[in-house]
file data_9.pdb (PDB, C-alpha atoms, pLDDT in the B column)
ATOM      1  CA  MET A   1       0.000   0.000   0.000  1.00 53.00           C
ATOM      2  CA  ASN A   2       1.645   3.268  -1.078  1.00 51.00           C
ATOM      3  CA  MET A   3       1.531   6.502   0.933  1.00 45.00           C
ATOM      4  CA  LEU A   4      -1.261   8.070  -1.160  1.00 41.00           C
ATOM      5  CA  THR A   5      -3.417   5.001  -0.592  1.00 39.00           C
ATOM      6  CA  LYS A   6      -2.703   5.120   3.139  1.00 38.00           C
ATOM      7  CA  ILE A   7      -3.725   8.786   3.300  1.00 35.00           C
ATOM      8  CA  ALA A   8      -6.912   8.052   1.339  1.00 37.00           C
ATOM      9  CA  VAL A   9      -7.823   5.240   3.740  1.00 37.00           C
ATOM     10  CA  ALA A  10      -7.146   7.482   6.728  1.00 35.00           C
ATOM     11  CA  ALA A  11      -9.406  10.151   5.225  1.00 34.00           C
ATOM     12  CA  ALA A  12     -12.111   7.540   4.730  1.00 37.00           C
ATOM     13  CA  LEU A  13     -11.822   6.537   8.386  1.00 39.00           C
ATOM     14  CA  THR A  14     -12.190  10.191   9.383  1.00 41.00           C
ATOM     15  CA  ALA A  15     -15.281  10.605   7.208  1.00 44.00           C
ATOM     16  CA  GLY A  16     -16.783   7.432   8.618  1.00 46.00           C
ATOM     17  CA  ALA A  17     -16.368   8.707  12.153  1.00 47.00           C
ATOM     18  CA  ALA A  18     -18.580  11.688  11.312  1.00 47.00           C
ATOM     19  CA  GLN A  19     -21.429   9.534  10.024  1.00 61.00           C
ATOM     20  CA  ALA A  20     -22.845   8.311  13.340  1.00 82.00           C
ATOM     21  CA  ALA A  21     -26.418   9.558  13.544  1.00 95.00           C
ATOM     22  CA  THR A  22     -27.675  11.619  16.453  1.00 97.00           C
ATOM     23  CA  VAL A  23     -31.416  11.352  17.124  1.00 96.00           C
ATOM     24  CA  PHE A  24     -33.282  14.092  18.994  1.00 94.00           C
ATOM     25  CA  THR A  25     -36.784  13.107  20.048  1.00 90.00           C
ATOM     26  CA  ASN A  26     -39.697  14.105  22.238  1.00 82.00           C
ATOM     27  CA  ALA A  27     -42.018  11.611  20.520  1.00 70.00           C
ATOM     28  CA  ASP A  28     -42.784   9.799  23.782  1.00 68.00           C
ATOM     29  CA  ASN A  29     -44.902  12.734  24.937  1.00 61.00           C
ATOM     30  CA  THR A  30     -48.576  12.331  24.067  1.00 61.00           C
ATOM     31  CA  THR A  31     -50.512  15.292  25.495  1.00 63.00           C
ATOM     32  CA  ILE A  32     -52.411  17.033  22.693  1.00 63.00           C
ATOM     33  CA  ASN A  33     -52.992  20.746  22.438  1.00 60.00           C
ATOM     34  CA  GLY A  34     -54.781  22.386  19.509  1.00 59.00           C
ATOM     35  CA  GLY A  35     -53.643  25.235  17.331  1.00 61.00           C
ATOM     36  CA  ASN A  36     -53.007  26.513  13.827  1.00 64.00           C
ATOM     37  CA  TYR A  37     -49.268  26.169  13.384  1.00 74.00           C
ATOM     38  CA  GLY A  38     -47.046  27.550  10.639  1.00 83.00           C
ATOM     39  CA  GLY A  39     -43.763  26.619  12.279  1.00 85.00           C
ATOM     40  CA  PHE A  40     -41.659  26.605  15.420  1.00 85.00           C
ATOM     41  CA  THR A  41     -38.226  27.469  16.757  1.00 87.00           C
ATOM     42  CA  PHE A  42     -35.685  24.864  17.873  1.00 89.00           C
ATOM     43  CA  LYS A  43     -32.097  24.129  18.893  1.00 92.00           C
ATOM     44  CA  LEU A  44     -30.210  20.909  18.230  1.00 94.00           C
ATOM     45  CA  ASP A  45     -28.647  20.925  21.684  1.00 94.00           C
ATOM     46  CA  ASP A  46     -28.800  19.041  24.971  1.00 92.00           C
ATOM     47  CA  ALA A  47     -32.202  20.466  25.958  1.00 88.00           C
ATOM     48  CA  TRP A  48     -34.137  17.746  24.127  1.00 89.00           C
ATOM     49  CA  PRO A  49     -35.900  15.175  26.337  1.00 84.00           C
ATOM     50  CA  SER A  50     -34.132  12.261  24.636  1.00 89.00           C
ATOM     51  CA  ILE A  51     -30.901  12.189  22.624  1.00 94.00           C
ATOM     52  CA  THR A  52     -29.098   9.200  21.121  1.00 96.00           C
ATOM     53  CA  GLY A  53     -25.616   9.996  19.837  1.00 96.00           C
ATOM     54  CA  ASP A  54     -23.236  12.917  20.162  1.00 95.00           C
ATOM     55  CA  VAL A  55     -24.100  16.610  20.158  1.00 96.00           C
ATOM     56  CA  THR A  56     -21.266  18.692  18.732  1.00 96.00           C
ATOM     57  CA  PRO A  57     -20.937  22.432  18.053  1.00 97.00           C
ATOM     58  CA  LEU A  58     -21.932  21.748  14.442  1.00 97.00           C
ATOM     59  CA  MET A  59     -24.757  19.354  13.464  1.00 97.00           C
ATOM     60  CA  GLU A  60     -25.675  18.383   9.904  1.00 98.00           C
ATOM     61  CA  LEU A  61     -29.451  18.120   9.532  1.00 98.00           C
ATOM     62  CA  ASN A  62     -30.634  14.852   7.918  1.00 98.00           C
ATOM     63  CA  ALA A  63     -34.352  14.301   8.558  1.00 98.00           C
ATOM     64  CA  VAL A  64     -37.344  15.495  10.580  1.00 95.00           C
ATOM     65  CA  THR A  65     -40.343  13.303  11.427  1.00 93.00           C
ATOM     66  CA  VAL A  66     -43.463  15.200  12.549  1.00 88.00           C
ATOM     67  CA  TYR A  67     -46.508  13.550  14.119  1.00 85.00           C
ATOM     68  CA  SER A  68     -50.090  14.355  13.152  1.00 82.00           C
ATOM     69  CA  ARG A  69     -52.694  15.535  15.646  1.00 76.00           C
ATOM     70  CA  GLY A  70     -55.300  13.463  13.835  1.00 72.00           C
ATOM     71  CA  ASN A  71     -58.355  14.474  11.835  1.00 65.00           C
ATOM     72  CA  ASP A  72     -59.044  18.168  12.326  1.00 59.00           C
ATOM     73  CA  ASP A  73     -60.158  19.916   9.162  1.00 55.00           C
ATOM     74  CA  SER A  74     -59.771  23.379  10.670  1.00 56.00           C
ATOM     75  CA  ARG A  75     -56.032  22.908  11.148  1.00 58.00           C
ATOM     76  CA  GLU A  76     -54.817  21.206   8.030  1.00 64.00           C
ATOM     77  CA  THR A  77     -53.767  22.230   4.568  1.00 70.00           C
ATOM     78  CA  ASN A  78     -54.478  20.677   1.203  1.00 74.00           C
ATOM     79  CA  LEU A  79     -51.154  21.974  -0.093  1.00 80.00           C
ATOM     80  CA  ALA A  80     -47.937  19.995  -0.196  1.00 86.00           C
ATOM     81  CA  ALA A  81     -45.867  21.423   2.649  1.00 89.00           C
ATOM     82  CA  PHE A  82     -42.095  21.703   2.584  1.00 92.00           C
ATOM     83  CA  LEU A  83     -40.117  22.272   5.772  1.00 93.00           C
ATOM     84  CA  ASN A  84     -37.945  25.359   5.422  1.00 94.00           C
ATOM     85  CA  VAL A  85     -35.114  26.243   7.807  1.00 95.00           C
ATOM     86  CA  TYR A  86     -34.247  29.788   8.896  1.00 93.00           C
ATOM     87  CA  ASP A  87     -31.413  31.346  10.870  1.00 94.00           C
ATOM     88  CA  GLY A  88     -33.296  34.277  12.314  1.00 87.00           C
ATOM     89  CA  ALA A  89     -34.923  35.896   9.288  1.00 86.00           C
ATOM     90  CA  THR A  90     -32.448  34.325   6.848  1.00 92.00           C
ATOM     91  CA  PHE A  91     -33.566  31.331   4.797  1.00 93.00           C
ATOM     92  CA  ILE A  92     -30.795  28.688   4.820  1.00 95.00           C
ATOM     93  CA  GLY A  93     -32.327  25.494   3.457  1.00 95.00           C
ATOM     94  CA  THR A  94     -35.343  23.349   2.750  1.00 95.00           C
ATOM     95  CA  SER A  95     -36.442  19.730   2.804  1.00 96.00           C
ATOM     96  CA  THR A  96     -35.876  17.688  -0.336  1.00 96.00           C
ATOM     97  CA  ASN A  97     -39.499  16.553  -0.257  1.00 96.00           C
ATOM     98  CA  SER A  98     -42.953  17.912   0.514  1.00 93.00           C
ATOM     99  CA  PHE A  99     -45.818  16.317   2.383  1.00 85.00           C
ATOM    100  CA  ASN A 100     -49.572  16.861   2.217  1.00 85.00           C
ATOM    101  CA  TRP A 101     -50.850  16.916   5.786  1.00 80.00           C
ATOM    102  CA  SER A 102     -54.493  16.575   4.712  1.00 78.00           C
ATOM    103  CA  THR A 103     -53.760  12.931   3.809  1.00 80.00           C
ATOM    104  CA  ILE A 104     -53.228  12.055   7.471  1.00 75.00           C
ATOM    105  CA  ASP A 105     -56.381  11.406   9.477  1.00 70.00           C
ATOM    106  CA  THR A 106     -54.945   9.345  12.311  1.00 77.00           C
ATOM    107  CA  GLU A 107     -53.512  10.773  15.512  1.00 77.00           C
ATOM    108  CA  GLY A 108     -49.816   9.955  15.730  1.00 78.00           C
ATOM    109  CA  ALA A 109     -49.405   9.254  12.005  1.00 84.00           C
ATOM    110  CA  THR A 110     -46.177  10.720  10.682  1.00 88.00           C
ATOM    111  CA  GLY A 111     -44.748  12.711   7.835  1.00 89.00           C
ATOM    112  CA  GLU A 112     -40.995  12.647   7.251  1.00 94.00           C
ATOM    113  CA  TYR A 113     -38.941  15.435   5.745  1.00 96.00           C
ATOM    114  CA  THR A 114     -35.432  14.728   4.453  1.00 97.00           C
ATOM    115  CA  PHE A 115     -32.604  17.182   3.836  1.00 97.00           C
ATOM    116  CA  ALA A 116     -29.693  17.155   1.417  1.00 95.00           C
ATOM    117  CA  SER A 117     -26.207  16.881   2.872  1.00 93.00           C
ATOM    118  CA  GLY A 118     -24.445  20.101   3.731  1.00 94.00           C
ATOM    119  CA  LEU A 119     -27.131  21.844   5.816  1.00 97.00           C
ATOM    120  CA  VAL A 120     -24.979  22.353   8.926  1.00 97.00           C
ATOM    121  CA  LEU A 121     -26.430  24.023  12.026  1.00 97.00           C
ATOM    122  CA  ASP A 122     -24.706  25.571  15.027  1.00 98.00           C
ATOM    123  CA  SER A 123     -26.027  23.670  18.061  1.00 96.00           C
ATOM    124  CA  SER A 124     -25.826  26.811  20.216  1.00 95.00           C
ATOM    125  CA  LYS A 125     -28.118  28.831  17.930  1.00 95.00           C
ATOM    126  CA  LEU A 126     -31.890  29.061  17.727  1.00 92.00           C
ATOM    127  CA  TYR A 127     -33.335  28.204  14.309  1.00 93.00           C
ATOM    128  CA  THR A 128     -36.812  28.115  12.840  1.00 90.00           C
ATOM    129  CA  PHE A 129     -38.688  25.367  10.975  1.00 91.00           C
ATOM    130  CA  ARG A 130     -41.503  26.809   8.881  1.00 90.00           C
ATOM    131  CA  PHE A 131     -44.049  24.803   6.894  1.00 89.00           C
ATOM    132  CA  SER A 132     -44.257  26.368   3.448  1.00 88.00           C
ATOM    133  CA  SER A 133     -45.697  25.663   0.026  1.00 86.00           C
ATOM    134  CA  THR A 134     -42.438  26.901  -1.523  1.00 85.00           C
ATOM    135  CA  THR A 135     -38.831  25.717  -1.287  1.00 85.00           C
ATOM    136  CA  SER A 136     -37.363  29.190  -0.908  1.00 79.00           C
ATOM    137  CA  ASP A 137     -37.739  32.143   1.435  1.00 73.00           C
ATOM    138  CA  GLY A 138     -41.241  31.324   2.598  1.00 63.00           C
ATOM    139  CA  SER A 139     -43.714  34.119   2.107  1.00 62.00           C
ATOM    140  CA  LEU A 140     -46.368  31.420   1.705  1.00 67.00           C
ATOM    141  CA  ASP A 141     -46.332  29.848   5.148  1.00 71.00           C
ATOM    142  CA  ILE A 142     -49.154  27.393   5.668  1.00 79.00           C
ATOM    143  CA  ALA A 143     -50.893  25.651   8.500  1.00 75.00           C
ATOM    144  CA  ALA A 144     -50.029  22.040   9.260  1.00 77.00           C
ATOM    145  CA  ARG A 145     -51.700  19.925  11.894  1.00 76.00           C
ATOM    146  CA  VAL A 146     -49.021  18.659  14.161  1.00 77.00           C
ATOM    147  CA  GLN A 147     -49.234  17.026  17.547  1.00 76.00           C
ATOM    148  CA  VAL A 148     -47.867  19.174  20.362  1.00 71.00           C
ATOM    149  CA  THR A 149     -46.914  18.618  23.972  1.00 66.00           C
ATOM    150  CA  GLN A 150     -46.890  20.735  27.101  1.00 57.00           C
ATOM    151  CA  PRO A 151     -44.917  21.810  29.022  1.00 53.00           C
ATOM    152  CA  ASN A 152     -42.480  23.449  26.664  1.00 52.00           C
ATOM    153  CA  ALA A 153     -39.833  20.702  26.366  1.00 53.00           C
ATOM    154  CA  LEU A 154     -38.026  22.183  23.368  1.00 59.00           C
ATOM    155  CA  GLU A 155     -38.108  25.730  24.724  1.00 62.00           C
ATOM    156  CA  GLY A 156     -39.361  26.802  21.333  1.00 70.00           C
ATOM    157  CA  THR A 157     -41.800  29.431  20.136  1.00 77.00           C
ATOM    158  CA  MET A 158     -44.935  28.619  18.181  1.00 77.00           C
ATOM    159  CA  LEU A 159     -45.275  30.494  14.896  1.00 80.00           C
ATOM    160  CA  ASN A 160     -48.560  31.358  13.235  1.00 76.00           C
ATOM    161  CA  THR A 161     -49.169  31.019   9.500  1.00 73.00           C
ATOM    162  CA  ALA A 162     -47.598  34.424   8.893  1.00 73.00           C
ATOM    163  CA  GLY A 163     -44.396  33.228  10.539  1.00 74.00           C
ATOM    164  CA  ALA A 164     -44.841  35.549  13.529  1.00 77.00           C
ATOM    165  CA  PRO A 165     -44.449  34.344  17.132  1.00 78.00           C
ATOM    166  CA  ALA A 166     -47.641  33.268  18.865  1.00 72.00           C
ATOM    167  CA  ASP A 167     -48.265  34.007  22.528  1.00 64.00           C
ATOM    168  CA  THR A 168     -47.770  30.476  23.840  1.00 62.00           C
ATOM    169  CA  GLY A 169     -45.074  27.863  24.297  1.00 60.00           C
ATOM    170  CA  PHE A 170     -44.987  25.210  21.593  1.00 62.00           C
ATOM    171  CA  ASP A 171     -43.709  21.655  21.450  1.00 70.00           C
ATOM    172  CA  PRO A 172     -44.244  19.785  18.215  1.00 77.00           C
ATOM    173  CA  ARG A 173     -44.146  16.057  18.633  1.00 83.00           C
ATOM    174  CA  LEU A 174     -41.183  15.189  16.457  1.00 86.00           C
ATOM    175  CA  THR A 175     -37.929  13.335  15.920  1.00 92.00           C
ATOM    176  CA  VAL A 176     -34.906  14.978  14.303  1.00 95.00           C
ATOM    177  CA  THR A 177     -31.959  13.023  12.904  1.00 97.00           C
ATOM    178  CA  ALA A 178     -28.634  14.799  12.424  1.00 97.00           C
ATOM    179  CA  GLN A 179     -24.947  14.038  11.988  1.00 96.00           C
ATOM    180  CA  ALA A 180     -22.439  15.199  14.573  1.00 96.00           C
ATOM    181  CA  VAL A 181     -19.775  17.159  12.683  1.00 95.00           C
ATOM    182  CA  PRO A 182     -16.336  16.832  14.304  1.00 89.00           C
ATOM    183  CA  GLU A 183     -14.253  19.959  14.805  1.00 80.00           C
ATOM    184  CA  PRO A 184     -11.371  20.342  12.289  1.00 75.00           C
ATOM    185  CA  SER A 185      -8.761  19.525  14.942  1.00 57.00           C
ATOM    186  CA  SER A 186     -10.654  16.379  15.969  1.00 50.00           C
ATOM    187  CA  ALA A 187     -11.032  15.304  12.344  1.00 46.00           C
ATOM    188  CA  ALA A 188      -7.292  15.784  11.774  1.00 47.00           C
ATOM    189  CA  LEU A 189      -6.463  13.702  14.848  1.00 47.00           C
ATOM    190  CA  LEU A 190      -8.796  10.946  13.692  1.00 51.00           C
ATOM    191  CA  GLY A 191      -7.110  10.945  10.295  1.00 50.00           C
ATOM    192  CA  LEU A 192      -3.640  10.780  11.821  1.00 52.00           C
ATOM    193  CA  GLY A 193      -4.777   8.005  14.148  1.00 51.00           C
ATOM    194  CA  GLY A 194      -6.122   6.012  11.217  1.00 53.00           C
ATOM    195  CA  LEU A 195      -2.890   6.514   9.283  1.00 51.00           C
ATOM    196  CA  ALA A 196      -0.795   5.464  12.291  1.00 54.00           C
ATOM    197  CA  LEU A 197      -2.885   2.306  12.647  1.00 54.00           C
ATOM    198  CA  ILE A 198      -2.327   1.442   8.979  1.00 55.00           C
ATOM    199  CA  LEU A 199       1.425   2.003   9.262  1.00 53.00           C
ATOM    200  CA  ARG A 200       1.593  -0.097  12.439  1.00 58.00           C
ATOM    201  CA  ARG A 201      -0.235  -2.971  10.814  1.00 60.00           C
ATOM    202  CA  ARG A 202       2.098  -2.790   7.798  1.00 61.00           C
ATOM    203  CA  LYS A 203       5.092  -3.309  10.067  1.00 58.00           C
TER     204      LYS A 203
END

call {"tool": "encode", "arguments": {"input": "data_9.pdb", "output": "structure tokens"}}
result
Amino acid sequence: MNMLTKIAVAAALTAGAAQAATVFTNADNTTINGGNYGGFTFKLDDAWPSITGDVTPLMELNAVTVYSRGNDDSRETNLAAFLNVYDGATFIGTSTNSFNWSTIDTEGATGEYTFASGLVLDSSKLYTFRFSSTTSDGSLDIAARVQVTQPNALEGTMLNTAGAPADTGFDPRLTVTAQAVPEPSSAALLGLGGLALILRRRK
């Protein structure tokens, strides 16, 4: 194995170390509270009720599963809803798929949104998920019936269909999957460790 091959293998080991999924969930909570929701704020930090995996300063968003409140025609939309992500007022990304919430009539049924690689979030910052009929800066926010829990486990803010804060705490019932992104120094150490292991085995 030549040196270039060894370096490539070490880089692959480093990349593999960053692929362990972290799952944030409050889906065990079942208390239902009504409302007409256009979105909500969130952090991918240690405040979630249940976390499997590592939380690092940077988290790459992979998927979001949202749970339906059940059949409630006053709080659903017949439009296909994307899930857009904002950093404050700045649009930074959207789901790769849309979902029509009016097709769900069972409490606890789910809709899953997936995200392309590269949408990296700072775990110390507060972001916003907004349901929208567009995949860009969402002026067309829409209502989606989601199941919510109280008290305010995610420390988020409910948003109305105009994207403005509502006057109540808000906990969507959801599961978020993300990748822990290692810091550059940690990634370099992992790469060097992998290379050292290869060289040791060669001897």

call {"tool": "closest_residue", "arguments": {"input": "data_9.pdb", "among": "A:Tyr113, A:Tyr127, A:Tyr37, A:Trp101", "to": "A:Gly70", "atoms": "all atoms listed in the file"}}
result
A:Trp101

call {"tool": "resolve_selection", "arguments": {"input": "data_9.pdb", "expression": "the PyMOL selection byres ((chain A and resi 163) around 10)", "output": "JSON, numbers by chain"}}
result
{"A": [37, 38, 39, 40, 89, 128, 129, 130, 131, 132, 138, 139, 140, 141, 142, 158, 159, 160, 161, 162, 164, 165, 166]}

call {"tool": "resolve_selection", "arguments": {"input": "data_9.pdb", "expression": "the PyMOL selection byres ((chain A and resi 56-60) around 6)", "output": "ChimeraX atom specification"}}
result
/A:55,61,119-123,178-181

call {"tool": "resolve_selection", "arguments": {"input": "data_9.pdb", "expression": "the PyMOL selection byres ((chain A and resi 82) around 12)", "output": "PDB file with C-alpha atoms, in the coordinates of the input"}}
result
ATOM      1  CA  GLY A  38     -47.046  27.550  10.639  1.00 83.00           C
ATOM      2  CA  GLY A  39     -43.763  26.619  12.279  1.00 85.00           C
ATOM      3  CA  VAL A  64     -37.344  15.495  10.580  1.00 95.00           C
ATOM      4  CA  VAL A  66     -43.463  15.200  12.549  1.00 88.00           C
ATOM      5  CA  THR A  77     -53.767  22.230   4.568  1.00 70.00           C
ATOM      6  CA  LEU A  79     -51.154  21.974  -0.093  1.00 80.00           C
ATOM      7  CA  ALA A  80     -47.937  19.995  -0.196  1.00 86.00           C
ATOM      8  CA  ALA A  81     -45.867  21.423   2.649  1.00 89.00           C
ATOM      9  CA  LEU A  83     -40.117  22.272   5.772  1.00 93.00           C
ATOM     10  CA  ASN A  84     -37.945  25.359   5.422  1.00 94.00           C
ATOM     11  CA  VAL A  85     -35.114  26.243   7.807  1.00 95.00           C
ATOM     12  CA  GLY A  93     -32.327  25.494   3.457  1.00 95.00           C
ATOM     13  CA  THR A  94     -35.343  23.349   2.750  1.00 95.00           C
ATOM     14  CA  SER A  95     -36.442  19.730   2.804  1.00 96.00           C
ATOM     15  CA  THR A  96     -35.876  17.688  -0.336  1.00 96.00           C
ATOM     16  CA  ASN A  97     -39.499  16.553  -0.257  1.00 96.00           C
ATOM     17  CA  SER A  98     -42.953  17.912   0.514  1.00 93.00           C
ATOM     18  CA  PHE A  99     -45.818  16.317   2.383  1.00 85.00           C
ATOM     19  CA  ASN A 100     -49.572  16.861   2.217  1.00 85.00           C
ATOM     20  CA  TRP A 101     -50.850  16.916   5.786  1.00 80.00           C
ATOM     21  CA  GLY A 111     -44.748  12.711   7.835  1.00 89.00           C
ATOM     22  CA  GLU A 112     -40.995  12.647   7.251  1.00 94.00           C
ATOM     23  CA  TYR A 113     -38.941  15.435   5.745  1.00 96.00           C
ATOM     24  CA  THR A 114     -35.432  14.728   4.453  1.00 97.00           C
ATOM     25  CA  PHE A 115     -32.604  17.182   3.836  1.00 97.00           C
ATOM     26  CA  PHE A 129     -38.688  25.367  10.975  1.00 91.00           C
ATOM     27  CA  ARG A 130     -41.503  26.809   8.881  1.00 90.00           C
ATOM     28  CA  PHE A 131     -44.049  24.803   6.894  1.00 89.00           C
ATOM     29  CA  SER A 132     -44.257  26.368   3.448  1.00 88.00           C
ATOM     30  CA  SER A 133     -45.697  25.663   0.026  1.00 86.00           C
ATOM     31  CA  THR A 134     -42.438  26.901  -1.523  1.00 85.00           C
ATOM     32  CA  THR A 135     -38.831  25.717  -1.287  1.00 85.00           C
ATOM     33  CA  SER A 136     -37.363  29.190  -0.908  1.00 79.00           C
ATOM     34  CA  ASP A 137     -37.739  32.143   1.435  1.00 73.00           C
ATOM     35  CA  GLY A 138     -41.241  31.324   2.598  1.00 63.00           C
ATOM     36  CA  LEU A 140     -46.368  31.420   1.705  1.00 67.00           C
ATOM     37  CA  ASP A 141     -46.332  29.848   5.148  1.00 71.00           C
ATOM     38  CA  ILE A 142     -49.154  27.393   5.668  1.00 79.00           C
ATOM     39  CA  ALA A 143     -50.893  25.651   8.500  1.00 75.00           C
ATOM     40  CA  ALA A 144     -50.029  22.040   9.260  1.00 77.00           C
TER      41      ALA A 144
END

call {"tool": "atom_distance", "arguments": {"input": "data_9.pdb", "atom1": "atom CA of A:Val23", "atom2": "atom CA of A:Asn62"}}
result
9.9 Å

call {"tool": "atom_distance", "arguments": {"input": "data_9.pdb", "atom1": "atom CA of A:Tyr86", "atom2": "atom CA of A:Asp45"}}
result
16.5 Å

call {"tool": "atom_distance", "arguments": {"input": "data_9.pdb", "atom1": "atom CA of A:Leu44", "atom2": "atom CA of A:Leu126"}}
result
8.3 Å
